[in-house]
file coords_39.cif (mmCIF, C-alpha atoms)
data_model
loop_
_atom_site.label_atom_id
_atom_site.label_comp_id
_atom_site.auth_asym_id
_atom_site.auth_seq_id
_atom_site.Cartn_x
_atom_site.Cartn_y
_atom_site.Cartn_z
CA MET A 7 -43.42 26.07 3.88
CA THR A 8 -40.13 24.22 4.06
CA LYS A 9 -37.47 26.00 6.01
CA ILE A 10 -34.19 25.86 4.09
CA ALA A 11 -31.80 26.94 6.84
CA GLU A 12 -31.96 28.66 10.19
CA ALA A 13 -31.23 32.36 9.97
CA PRO A 14 -28.20 33.41 12.01
CA GLU A 15 -28.53 35.65 15.04
CA GLY A 16 -29.11 39.24 14.06
CA ILE A 17 -31.23 42.32 14.29
CA THR A 18 -34.45 42.37 12.35
CA GLY A 19 -36.41 45.48 11.57
CA ALA A 20 -38.80 46.72 8.97
CA GLY A 21 -37.23 45.83 5.59
CA PHE A 22 -33.78 44.90 6.88
CA PHE A 23 -31.88 42.17 8.65
CA ALA A 24 -28.43 42.83 10.05
CA THR A 25 -25.90 40.24 11.13
CA SER A 26 -22.15 39.74 10.97
CA LEU A 27 -20.34 38.86 7.73
CA ASP A 28 -18.79 35.76 9.39
CA LYS A 29 -22.22 34.32 10.00
CA VAL A 30 -23.58 34.97 6.53
CA ILE A 31 -20.55 33.47 4.84
CA GLY A 32 -20.54 30.56 7.28
CA LEU A 33 -24.19 29.90 6.54
CA ALA A 34 -23.60 29.95 2.80
CA ARG A 35 -20.52 27.74 2.96
CA ALA A 36 -22.02 25.22 5.37
CA ASN A 37 -25.02 24.62 3.16
CA SER A 38 -23.18 24.23 -0.12
CA ILE A 39 -20.28 21.91 0.69
CA TRP A 40 -18.84 20.22 -2.38
CA PRO A 41 -17.35 16.96 -1.15
CA LEU A 42 -14.53 15.11 -2.86
CA PRO A 43 -15.08 11.40 -2.14
CA PHE A 44 -11.76 9.61 -1.76
CA ALA A 45 -13.25 6.16 -1.39
CA THR A 46 -10.99 3.12 -1.30
CA SER A 47 -13.07 0.38 0.35
CA CYS A 48 -16.22 -0.56 2.26
CA CYS A 49 -16.73 2.91 3.80
CA GLY A 50 -17.02 4.11 0.21
CA ILE A 51 -19.94 1.71 -0.29
CA GLU A 52 -21.63 3.20 2.78
CA PHE A 53 -21.00 6.61 1.29
CA MET A 54 -22.85 5.54 -1.86
CA ALA A 55 -25.84 4.71 0.35
CA THR A 56 -25.41 8.09 2.03
CA MET A 57 -25.61 9.82 -1.33
CA GLY A 58 -28.55 7.69 -2.45
CA SER A 59 -32.19 8.66 -2.10
CA ASN A 60 -32.80 6.86 1.23
CA TYR A 61 -30.31 8.94 3.18
CA ASP A 62 -29.89 11.73 0.64
CA LEU A 63 -26.91 13.90 1.44
CA ALA A 64 -28.46 16.44 -0.95
CA ARG A 65 -30.64 17.59 1.96
CA PHE A 66 -27.47 19.12 3.40
CA GLY A 67 -26.53 20.93 0.21
CA SER A 68 -23.85 18.38 -0.66
CA GLU A 69 -25.37 16.59 -3.63
CA ARG A 70 -22.78 18.02 -5.97
CA LEU A 71 -19.72 15.79 -5.67
CA SER A 72 -16.56 17.34 -6.94
CA PHE A 73 -14.28 14.79 -8.53
CA SER A 74 -11.76 17.53 -9.14
CA PRO A 75 -9.96 18.67 -5.99
CA ARG A 76 -9.79 22.21 -7.40
CA GLN A 77 -13.48 22.86 -6.77
CA ALA A 78 -13.89 20.71 -3.67
CA ASP A 79 -14.46 22.09 -0.16
CA LEU A 80 -14.47 18.85 1.80
CA LEU A 81 -12.12 15.91 1.37
CA MET A 82 -13.88 12.75 2.53
CA VAL A 83 -11.38 9.94 2.95
CA MET A 84 -13.25 6.67 3.22
CA GLY A 85 -11.35 3.46 3.54
CA THR A 86 -7.92 1.97 4.13
CA ILE A 87 -5.07 4.10 2.91
CA ALA A 88 -1.96 2.07 2.15
CA LYS A 89 1.34 3.81 2.83
CA LYS A 90 2.00 3.74 -0.87
CA MET A 91 -1.20 5.75 -1.40
CA ALA A 92 -0.44 8.36 1.27
CA PRO A 93 1.33 10.71 -1.20
CA VAL A 94 -1.81 10.64 -3.36
CA VAL A 95 -4.04 11.72 -0.45
CA ARG A 96 -1.54 14.43 0.32
CA GLN A 97 -1.45 15.62 -3.29
CA VAL A 98 -5.25 15.76 -3.49
CA TYR A 99 -5.30 17.81 -0.28
CA ASP A 100 -2.62 20.15 -1.65
CA GLN A 101 -4.63 20.70 -4.83
CA MET A 102 -7.76 21.80 -2.96
CA ALA A 103 -8.31 25.52 -2.58
CA GLU A 104 -8.78 27.17 0.82
CA PRO A 105 -11.00 27.04 2.74
CA LYS A 106 -10.95 23.25 2.91
CA TRP A 107 -12.00 20.64 5.41
CA VAL A 108 -11.17 16.97 5.85
CA LEU A 109 -13.48 14.22 7.09
CA ALA A 110 -11.92 10.86 7.99
CA VAL A 111 -14.65 8.26 7.60
CA GLY A 112 -14.27 4.91 9.30
CA ALA A 113 -11.70 3.24 11.52
CA CYS A 114 -9.12 2.75 8.75
CA ALA A 115 -8.96 6.37 7.63
CA SER A 116 -8.98 7.49 11.28
CA SER A 117 -6.40 5.12 12.75
CA GLY A 118 -5.51 2.31 10.39
CA GLY A 119 -8.31 0.24 11.91
CA ILE A 120 -7.76 -3.49 12.05
CA PHE A 121 -4.88 -3.15 9.59
CA ASP A 122 -2.12 -2.71 12.13
CA THR A 123 0.48 -3.72 9.61
CA TYR A 124 3.59 -2.59 7.78
CA SER A 125 1.79 -1.60 4.60
CA VAL A 126 -1.08 0.52 5.95
CA LEU A 127 -1.00 4.18 6.94
CA GLN A 128 -2.04 4.39 10.61
CA GLY A 129 -4.54 7.20 10.15
CA ILE A 130 -4.62 9.87 7.48
CA ASP A 131 -3.79 12.51 10.10
CA ASN A 132 -0.21 11.40 9.54
CA VAL A 133 -0.25 13.18 6.20
CA VAL A 134 -3.10 15.73 6.24
CA PRO A 135 -4.85 17.64 9.05
CA VAL A 136 -8.27 16.13 9.83
CA ASP A 137 -11.28 18.14 11.06
CA VAL A 138 -13.77 15.41 11.95
CA TYR A 139 -13.37 11.67 12.52
CA VAL A 140 -16.29 9.29 11.97
CA PRO A 141 -15.92 6.01 13.90
CA GLY A 142 -17.25 2.70 12.67
CA CYS A 143 -16.14 -0.24 10.64
CA PRO A 144 -17.79 0.73 8.37
CA PRO A 145 -19.96 3.51 9.81
CA ARG A 146 -23.65 3.52 8.92
CA PRO A 147 -24.88 6.28 6.59
CA GLU A 148 -26.42 8.03 9.62
CA GLN A 149 -22.95 8.30 11.13
CA ILE A 150 -21.50 9.70 7.91
CA ILE A 151 -24.31 12.26 7.80
CA ASP A 152 -23.56 13.12 11.42
CA GLY A 153 -19.91 13.64 10.46
CA VAL A 154 -20.94 15.98 7.65
CA MET A 155 -23.19 17.88 10.10
CA ARG A 156 -20.27 18.29 12.51
CA ILE A 157 -18.27 19.69 9.57
CA GLN A 158 -21.19 22.07 8.92
CA ASP A 159 -21.01 23.20 12.54
CA LEU A 160 -17.30 23.88 12.15
CA ILE A 161 -17.88 25.82 8.95
CA LYS A 162 -20.72 27.89 10.44
CA ASN A 163 -18.65 28.89 13.44
CA GLU A 164 -15.35 29.44 11.70
CA PRO A 165 -14.09 33.04 11.94
CA LEU A 166 -13.14 34.49 8.60
CA ARG A 167 -9.62 35.20 9.86
CA ARG A 168 -8.99 31.63 10.95
CA ARG A 169 -7.09 30.62 7.83
CA HIS A 170 -4.73 33.56 8.29
CA SER A 171 -4.13 32.91 11.96
CA GLN A 172 -0.77 31.99 13.42
CA GLU A 173 -2.27 28.81 14.85
CA TYR A 174 -3.50 27.64 11.44
CA GLN A 175 -0.16 28.42 9.79
CA GLU A 176 1.59 26.41 12.48
CA LEU A 177 -0.80 23.51 11.89
CA LEU A 178 0.02 23.51 8.18
CA GLU A 179 3.72 23.82 8.94
CA SER A 180 3.57 20.78 11.21
CA TYR A 181 2.41 18.85 8.13
CA ASN A 182 5.06 20.49 5.97
CA ILE A 183 2.40 22.10 3.79
CA LYS A 184 3.62 25.07 1.73
CA MET B 26 0.30 -37.87 -17.65
CA GLY B 27 0.82 -39.11 -14.11
CA ASN B 28 3.40 -38.74 -11.38
CA GLU B 29 5.10 -42.05 -12.29
CA GLN B 30 5.58 -41.12 -15.91
CA ALA B 31 6.82 -37.63 -15.06
CA LEU B 32 9.25 -38.99 -12.45
CA GLU B 33 10.55 -41.54 -14.94
CA LEU B 34 11.33 -38.82 -17.47
CA ILE B 35 12.95 -36.58 -14.86
CA THR B 36 15.07 -39.40 -13.39
CA ALA B 37 16.15 -40.48 -16.88
CA LYS B 38 17.46 -36.98 -17.46
CA PHE B 39 18.82 -35.95 -14.05
CA GLY B 40 19.42 -39.26 -12.29
CA GLU B 41 18.68 -39.52 -8.57
CA SER B 42 20.08 -36.08 -7.72
CA ILE B 43 16.59 -34.58 -7.38
CA SER B 44 14.72 -35.54 -4.23
CA HIS B 45 11.01 -36.02 -4.59
CA GLU B 46 7.91 -36.82 -2.60
CA ILE B 47 4.20 -36.98 -3.32
CA ASP B 48 2.11 -34.89 -0.97
CA ALA B 49 -1.31 -35.65 0.55
CA HIS B 50 -3.09 -34.24 -2.46
CA GLY B 51 -1.15 -36.36 -4.94
CA LEU B 52 1.01 -33.49 -6.12
CA LEU B 53 4.60 -34.33 -7.04
CA ASN B 54 7.12 -32.20 -5.08
CA LEU B 55 10.68 -31.86 -6.31
CA THR B 56 13.37 -30.30 -4.11
CA VAL B 57 16.40 -29.16 -6.05
CA SER B 58 19.56 -27.18 -5.42
CA PRO B 59 19.70 -23.66 -6.89
CA ASP B 60 22.20 -24.66 -9.60
CA GLN B 61 19.92 -27.43 -10.91
CA LEU B 62 16.82 -25.26 -11.03
CA VAL B 63 17.10 -23.62 -14.45
CA ASP B 64 18.08 -26.90 -16.17
CA LEU B 65 15.16 -28.72 -14.57
CA VAL B 66 12.57 -26.09 -15.43
CA ALA B 67 13.92 -25.80 -18.98
CA PHE B 68 13.63 -29.57 -19.33
CA LEU B 69 10.05 -29.59 -18.02
CA ARG B 70 9.11 -26.84 -20.41
CA ASP B 71 10.83 -28.14 -23.52
CA ASP B 72 10.30 -31.89 -23.19
CA GLU B 73 7.67 -32.86 -25.72
CA THR B 74 5.90 -35.38 -23.51
CA LEU B 75 5.82 -33.22 -20.38
CA ALA B 76 5.12 -29.93 -22.22
CA MET B 77 4.92 -27.89 -19.01
CA GLY B 78 4.72 -24.46 -20.55
CA PHE B 79 3.00 -22.49 -17.78
CA LEU B 80 4.64 -21.11 -14.66
CA THR B 81 1.48 -20.87 -12.53
CA THR B 82 3.00 -19.25 -9.48
CA LEU B 83 6.21 -18.52 -7.69
CA CYS B 84 6.53 -17.47 -4.08
CA GLY B 85 8.92 -17.27 -1.16
CA ILE B 86 8.81 -18.83 2.28
CA HIS B 87 10.84 -18.37 5.45
CA TYR B 88 11.60 -21.17 7.92
CA PRO B 89 13.74 -19.44 10.57
CA PHE B 90 14.71 -22.69 12.35
CA ASN B 91 15.72 -24.53 9.20
CA LYS B 92 19.42 -23.76 9.67
CA GLY B 93 21.36 -23.27 6.45
CA ALA B 94 18.19 -23.39 4.35
CA GLU B 95 16.04 -20.70 5.93
CA LEU B 96 14.62 -19.17 2.76
CA GLY B 97 12.81 -21.07 0.07
CA VAL B 98 11.24 -20.40 -3.28
CA VAL B 99 8.33 -22.55 -4.42
CA TYR B 100 7.38 -22.86 -8.07
CA HIS B 101 4.24 -24.41 -9.51
CA ILE B 102 4.65 -25.50 -13.11
CA HIS B 103 1.66 -26.60 -15.11
CA SER B 104 1.12 -28.41 -18.36
CA LEU B 105 -1.95 -27.05 -20.14
CA GLU B 106 -1.78 -29.91 -22.64
CA ASN B 107 -1.70 -32.69 -20.05
CA ASN B 108 -3.58 -30.93 -17.21
CA TYR B 109 -0.70 -31.91 -14.95
CA ARG B 110 1.33 -29.92 -12.46
CA ILE B 111 4.49 -30.19 -10.40
CA ARG B 112 5.73 -28.23 -7.41
CA ILE B 113 9.43 -27.38 -7.24
CA LYS B 114 11.16 -26.15 -4.10
CA VAL B 115 14.55 -24.51 -3.74
CA PHE B 116 16.11 -23.67 -0.37
CA VAL B 117 18.98 -21.27 0.28
CA PRO B 118 20.74 -19.97 3.42
CA ILE B 119 19.54 -16.59 4.66
CA GLU B 120 23.08 -15.16 4.62
CA LYS B 121 23.40 -15.81 0.89
CA PRO B 122 19.87 -15.91 -0.54
CA HIS B 123 20.82 -16.33 -4.19
CA VAL B 124 18.53 -18.19 -6.58
CA PRO B 125 18.91 -18.12 -10.37
CA THR B 126 16.21 -16.23 -12.24
CA LEU B 127 13.63 -17.95 -14.43
CA THR B 128 13.01 -14.84 -16.52
CA GLY B 129 14.99 -16.41 -19.35
CA LEU B 130 12.43 -19.23 -19.54
CA PHE B 131 9.20 -17.52 -18.48
CA ALA B 132 8.63 -13.78 -18.93
CA SER B 133 5.92 -14.06 -16.26
CA ALA B 134 8.63 -14.80 -13.68
CA ASN B 135 9.74 -11.17 -13.84
CA TRP B 136 7.09 -9.59 -11.61
CA GLN B 137 6.71 -12.68 -9.41
CA GLU B 138 10.42 -12.69 -8.65
CA ARG B 139 10.29 -8.98 -7.91
CA GLU B 140 7.46 -9.64 -5.45
CA THR B 141 9.41 -12.47 -3.81
CA PHE B 142 12.45 -10.21 -3.54
CA ASP B 143 10.27 -7.44 -2.10
CA PHE B 144 8.82 -9.57 0.69
CA TYR B 145 11.66 -12.01 1.45
CA GLY B 146 14.83 -10.41 0.10
CA ILE B 147 15.65 -13.39 -2.07
CA LEU B 148 18.10 -12.29 -4.75
CA PHE B 149 17.35 -13.67 -8.19
CA ASP B 150 20.65 -13.75 -10.05
CA GLY B 151 20.29 -12.59 -13.63
CA HIS B 152 16.96 -10.82 -13.11
CA PRO B 153 16.79 -7.80 -15.47
CA ASP B 154 15.18 -5.38 -12.99
CA LEU B 155 15.20 -6.62 -9.40
CA ARG B 156 13.54 -3.84 -7.38
CA ARG B 157 10.50 -3.57 -5.09
CA ILE B 158 7.13 -3.93 -6.74
CA LEU B 159 4.39 -3.79 -4.06
CA ASN B 160 5.87 -2.07 -1.01
CA MET B 161 7.09 1.49 -0.78
CA ASP B 162 10.47 2.09 -2.36
CA GLU B 163 11.62 3.65 0.93
CA MET B 164 11.04 0.44 2.89
CA THR B 165 14.29 -0.79 4.38
CA TYR B 166 13.42 -4.40 5.18
CA HIS B 167 11.63 -7.44 3.79
CA PRO B 168 8.38 -7.60 5.76
CA LEU B 169 7.38 -11.26 5.44
CA ARG B 170 10.60 -12.50 6.99
CA LYS B 171 9.80 -13.81 10.45
CA GLU B 172 12.30 -11.62 12.29
CA TYR B 173 10.23 -8.50 11.59
CA PRO B 174 7.03 -7.67 13.47
CA LEU B 175 3.86 -7.69 11.43
CA GLU B 176 2.54 -4.56 13.12
CA ASP B 177 3.45 -1.04 12.23
CA THR B 178 6.14 -0.30 14.81
CA THR B 179 5.95 3.47 14.40
CA ARG B 180 2.82 3.94 16.48
CA GLU B 181 2.28 3.71 20.21
CA ASP B 182 -1.49 3.75 20.69
CA LYS B 183 -1.82 0.16 19.52
CA ALA B 184 0.79 -1.20 21.93
CA ASP B 185 0.21 -4.62 23.47
CA ARG B 186 -0.49 -3.19 26.96
CA PHE B 187 -3.71 -1.61 25.71
CA PHE B 188 -4.99 -5.03 24.74
CA GLY B 189 -3.94 -6.92 27.88
CA ARG B 190 -1.17 -8.73 26.03
#
call {"tool": "encode", "arguments": {"input": "coords_39.cif", "output": "structure tokens"}}
result
Amino acid sequence: MTKIAEAPEGITGAGFFATSLDKVIGLARANSIWPLPFATSCCGIEFMATMGSNYDLARFGSERLSFSPRQADLLMVMGTIAKKMAPVVRQVYDQMAEPKWVLAVGACASSGGIFDTYSVLQGIDNVVPVDVYVPGCPPRPEQIIDGVMRIQDLIKNEPLRRRHSQEYQELLESYNIK
Amino acid sequence: MGNEQALELITAKFGESISHEIDAHGLLNLTVSPDQLVDLVAFLRDDETLAMGFLTTLCGIHYPFNKGAELGVVYHIHSLENNYRIRIKVFVPIEKPHVPTLTGLFASANWQERETFDFYGILFDGHPDLRRILNMDEMTYHPLRKEYPLEDTTREDKADRFFGR
């Protein structure tokens, strides 16, 4: 039989299984991420391969792309972001509901990449907080999948109170969010 | 239509005041002063023999060591009827980069002049809406002028010392 996901740590007995709420919710969230692909260039092409049947992101519960930020859990920024486009990335991030995560795919989204120039945003972490960076120019689909798995790890281990914590509020404030 | 015939028509109209040369590819180059530009382009467009009704492109250029004529605008004007084209150059000093607009002759000059203004700061007198078109509105300089660095100067992790420069 195919195993769908590892059960979290807990106490098993006859007819019951007990674990913490954090872990159950983390498990559910991590295996049903709805990504919002914000693809502007070649990394977006690699993402198409990642979604395709050879690499099949559906195995990780992420086959349902959300092209509306309202329902998305994970913002995947793939490609060069021009400074003129930075407010758009920011607006998409603002429109996503909590909890939300951000994956910067490729050198350009992470740091501006080879485009060290007046018109290109030098990394999307200038405008939105980023959870995981995927290196590569462009990264192979395996690397993108690895990035999504690192996001899954973050989601699984995130305490339920994290989004209310002082630290998280300060992070958002440093980006002038809310 | 050939360069000789075109030059003949232009010299008959404007005399010897327009300097010209033929480049390595056989393209006729005319260099004019800003106040001659509109008359010349109007003549090229409206003359029945030349019939140059298509402004192919328009762009700026910066020669920082060309004192008194640092900034230039280059126009390519094409005749669809004769399959013939001419390049026109105008040079202005960087302190007073004023060039008359061609929007009265070619509507297509509107966006191209805005782009040239955006990147070189050349002021097209008479343009109906001279504001930035490609760069951010907040940008405070004209990035393709040679006195500005190409790199984004706001970041430190791509400084020259990290690359042995």
call {"tool": "interface_residues", "arguments": {"input": "coords_39.cif", "of": "chain A", "to": "chain B", "cutoff": "12 Å", "atoms": "only C-alpha atoms", "output": "VMD selection string"}}
result
chain A and resid 88 to 93 117 to 129 132
call {"tool": "residues_around", "arguments": {"input": "coords_39.cif", "residues": "range 70-86 of chain A", "least_positions_apart": "2", "cutoff": "6 Å", "atoms": "only C-alpha atoms", "output": "list in words"}}
result
Ile39, Trp40, Pro41, Leu42, Pro43, Phe44, Ala45, Thr46, Ser47, Cys49, Gly50, Ser68, Gln101, Met102, Lys106, Trp107, Val108, Leu109, Ala110, Val111, Cys114 and Ala115 of chain A
call {"tool": "resolve_selection", "arguments": {"input": "coords_39.cif", "expression": "the PyMOL selection byres ((chain B and resi 42) around 10)", "output": "PyMOL selection string"}}
result
chain B and resi 36+39-41+43-45+56-58+61
call {"tool": "atom_distance", "arguments": {"input": "coords_39.cif", "atom1": "CA of His167 in chain B", "atom2": "CA of Val95 in chain A"}}
result
25.1 Å
call {"tool": "residues_around", "arguments": {"input": "coords_39.cif", "residues": "Phe142 in chain B", "least_positions_apart": "4", "cutoff": "12 Å", "atoms": "only C-alpha atoms", "output": "compact mmCIF listing (two decimals) with C-alpha atoms, in the coordinates of the input"}}
result
# COMPACT_ATOMS: atom_id res chain seq x y z
CA LEU B 83 6.21 -18.52 -7.69
CA CYS B 84 6.53 -17.47 -4.08
CA GLY B 85 8.92 -17.27 -1.16
CA ILE B 86 8.81 -18.83 2.28
CA LEU B 96 14.62 -19.17 2.76
CA GLY B 97 12.81 -21.07 0.07
CA VAL B 98 11.24 -20.40 -3.28
CA PRO B 122 19.87 -15.91 -0.54
CA HIS B 123 20.82 -16.33 -4.19
CA VAL B 124 18.53 -18.19 -6.58
CA THR B 126 16.21 -16.23 -12.24
CA ALA B 134 8.63 -14.80 -13.68
CA ASN B 135 9.74 -11.17 -13.84
CA TRP B 136 7.09 -9.59 -11.61
CA GLN B 137 6.71 -12.68 -9.41
CA GLU B 138 10.42 -12.69 -8.65
CA GLY B 146 14.83 -10.41 0.10
CA ILE B 147 15.65 -13.39 -2.07
CA LEU B 148 18.10 -12.29 -4.75
CA PHE B 149 17.35 -13.67 -8.19
CA ASP B 150 20.65 -13.75 -10.05
CA HIS B 152 16.96 -10.82 -13.11
CA ASP B 154 15.18 -5.38 -12.99
CA LEU B 155 15.20 -6.62 -9.40
CA ARG B 156 13.54 -3.84 -7.38
CA ARG B 157 10.50 -3.57 -5.09
CA ILE B 158 7.13 -3.93 -6.74
CA LEU B 159 4.39 -3.79 -4.06
CA ASN B 160 5.87 -2.07 -1.01
CA TYR B 166 13.42 -4.40 5.18
CA HIS B 167 11.63 -7.44 3.79
CA PRO B 168 8.38 -7.60 5.76
CA LEU B 169 7.38 -11.26 5.44
CA ARG B 170 10.60 -12.50 6.99
call {"tool": "atom_distance", "arguments": {"input": "coords_39.cif", "atom1": "CA of Glu140 in chain B", "atom2": "CA of Lys171 in chain B"}}
result
16.6 Å
call {"tool": "atom_distance", "arguments": {"input": "coords_39.cif", "atom1": "CA of Ala132 in chain B", "atom2": "CA of Met26 in chain B"}}
result
25.5 Å
call {"tool": "resolve_selection", "arguments": {"input": "coords_39.cif", "expression": "the PyMOL selection byres ((chain A and resi 162) around 7)", "output": "NGL selection string"}}
result
:A and (29 or 32-33 or 36 or 158-161 or 163-164)
call {"tool": "resolve_selection", "arguments": {"input": "coords_39.cif", "expression": "the PyMOL selection byres ((chain B and resi 68) around 12)", "output": "PyMOL selection string"}}
result
chain B and resi 31+34-39+61-67+69-78+102+130
call {"tool": "write_last_selection", "arguments": {"input": "coords_39.cif", "atoms": "C-alpha atoms", "output": "mmCIF file, in the frame of the given file"}}
result
data_model
loop_
_atom_site.group_PDB
_atom_site.id
_atom_site.type_symbol
_atom_site.label_atom_id
_atom_site.label_comp_id
_atom_site.auth_asym_id
_atom_site.auth_seq_id
_atom_site.Cartn_x
_atom_site.Cartn_y
_atom_site.Cartn_z
ATOM 1 C CA ALA B 31 6.820 -37.630 -15.060
ATOM 2 C CA LEU B 34 11.330 -38.820 -17.470
ATOM 3 C CA ILE B 35 12.950 -36.580 -14.860
ATOM 4 C CA THR B 36 15.070 -39.400 -13.390
ATOM 5 C CA ALA B 37 16.150 -40.480 -16.880
ATOM 6 C CA LYS B 38 17.460 -36.980 -17.460
ATOM 7 C CA PHE B 39 18.820 -35.950 -14.050
ATOM 8 C CA GLN B 61 19.920 -27.430 -10.910
ATOM 9 C CA LEU B 62 16.820 -25.260 -11.030
ATOM 10 C CA VAL B 63 17.100 -23.620 -14.450
ATOM 11 C CA ASP B 64 18.080 -26.900 -16.170
ATOM 12 C CA LEU B 65 15.160 -28.720 -14.570
ATOM 13 C CA VAL B 66 12.570 -26.090 -15.430
ATOM 14 C CA ALA B 67 13.920 -25.800 -18.980
ATOM 15 C CA LEU B 69 10.050 -29.590 -18.020
ATOM 16 C CA ARG B 70 9.110 -26.840 -20.410
ATOM 17 C CA ASP B 71 10.830 -28.140 -23.520
ATOM 18 C CA ASP B 72 10.300 -31.890 -23.190
ATOM 19 C CA GLU B 73 7.670 -32.860 -25.720
ATOM 20 C CA THR B 74 5.900 -35.380 -23.510
ATOM 21 C CA LEU B 75 5.820 -33.220 -20.380
ATOM 22 C CA ALA B 76 5.120 -29.930 -22.220
ATOM 23 C CA MET B 77 4.920 -27.890 -19.010
ATOM 24 C CA GLY B 78 4.720 -24.460 -20.550
ATOM 25 C CA ILE B 102 4.650 -25.500 -13.110
ATOM 26 C CA LEU B 130 12.430 -19.230 -19.540
#
call {"tool": "closest_residue", "arguments": {"input": "coords_39.cif", "among": "A:Asn182, A:Arg167, A:Gln172, A:Pro147", "to": "Pro135 in chain A", "atoms": "only C-alpha atoms"}}
result
A:Asn182
call {"tool": "residues_around", "arguments": {"input": "coords_39.cif", "residues": "Leu55 in chain B", "least_positions_apart": "6", "cutoff": "10 Å", "atoms": "all atoms listed in the file", "output": "PyMOL selection string"}}
result
chain B and resi 32+43-47+65+99-100+111-115
call {"tool": "write_last_selection", "arguments": {"input": "coords_39.cif", "atoms": "C-alpha atoms", "output": "PDB file, keeping the file's coordinate frame"}}
result
ATOM      1  CA  LEU B  32       9.250 -38.990 -12.450  1.00  0.00           C
ATOM      2  CA  ILE B  43      16.590 -34.580  -7.380  1.00  0.00           C
ATOM      3  CA  SER B  44      14.720 -35.540  -4.230  1.00  0.00           C
ATOM      4  CA  HIS B  45      11.010 -36.020  -4.590  1.00  0.00           C
ATOM      5  CA  GLU B  46       7.910 -36.820  -2.600  1.00  0.00           C
ATOM      6  CA  ILE B  47       4.200 -36.980  -3.320  1.00  0.00           C
ATOM      7  CA  LEU B  65      15.160 -28.720 -14.570  1.00  0.00           C
ATOM      8  CA  VAL B  99       8.330 -22.550  -4.420  1.00  0.00           C
ATOM      9  CA  TYR B 100       7.380 -22.860  -8.070  1.00  0.00           C
ATOM     10  CA  ILE B 111       4.490 -30.190 -10.400  1.00  0.00           C
ATOM     11  CA  ARG B 112       5.730 -28.230  -7.410  1.00  0.00           C
ATOM     12  CA  ILE B 113       9.430 -27.380  -7.240  1.00  0.00           C
ATOM     13  CA  LYS B 114      11.160 -26.150  -4.100  1.00  0.00           C
ATOM     14  CA  VAL B 115      14.550 -24.510  -3.740  1.00  0.00           C
TER      15      VAL B 115
END
call {"tool": "residues_around", "arguments": {"input": "coords_39.cif", "residues": "Gln149 in chain A", "least_positions_apart": "4", "cutoff": "7 Å", "atoms": "all atoms listed in the file", "output": "number ranges by chain"}}
result
A: 140, 145, 153
call {"tool": "closest_residue", "arguments": {"input": "coords_39.cif", "among": "A:Gly67, A:Arg96, A:Asp28, A:Asn60", "to": "Ala11 in chain A", "atoms": "only C-alpha atoms"}}
result
A:Gly67
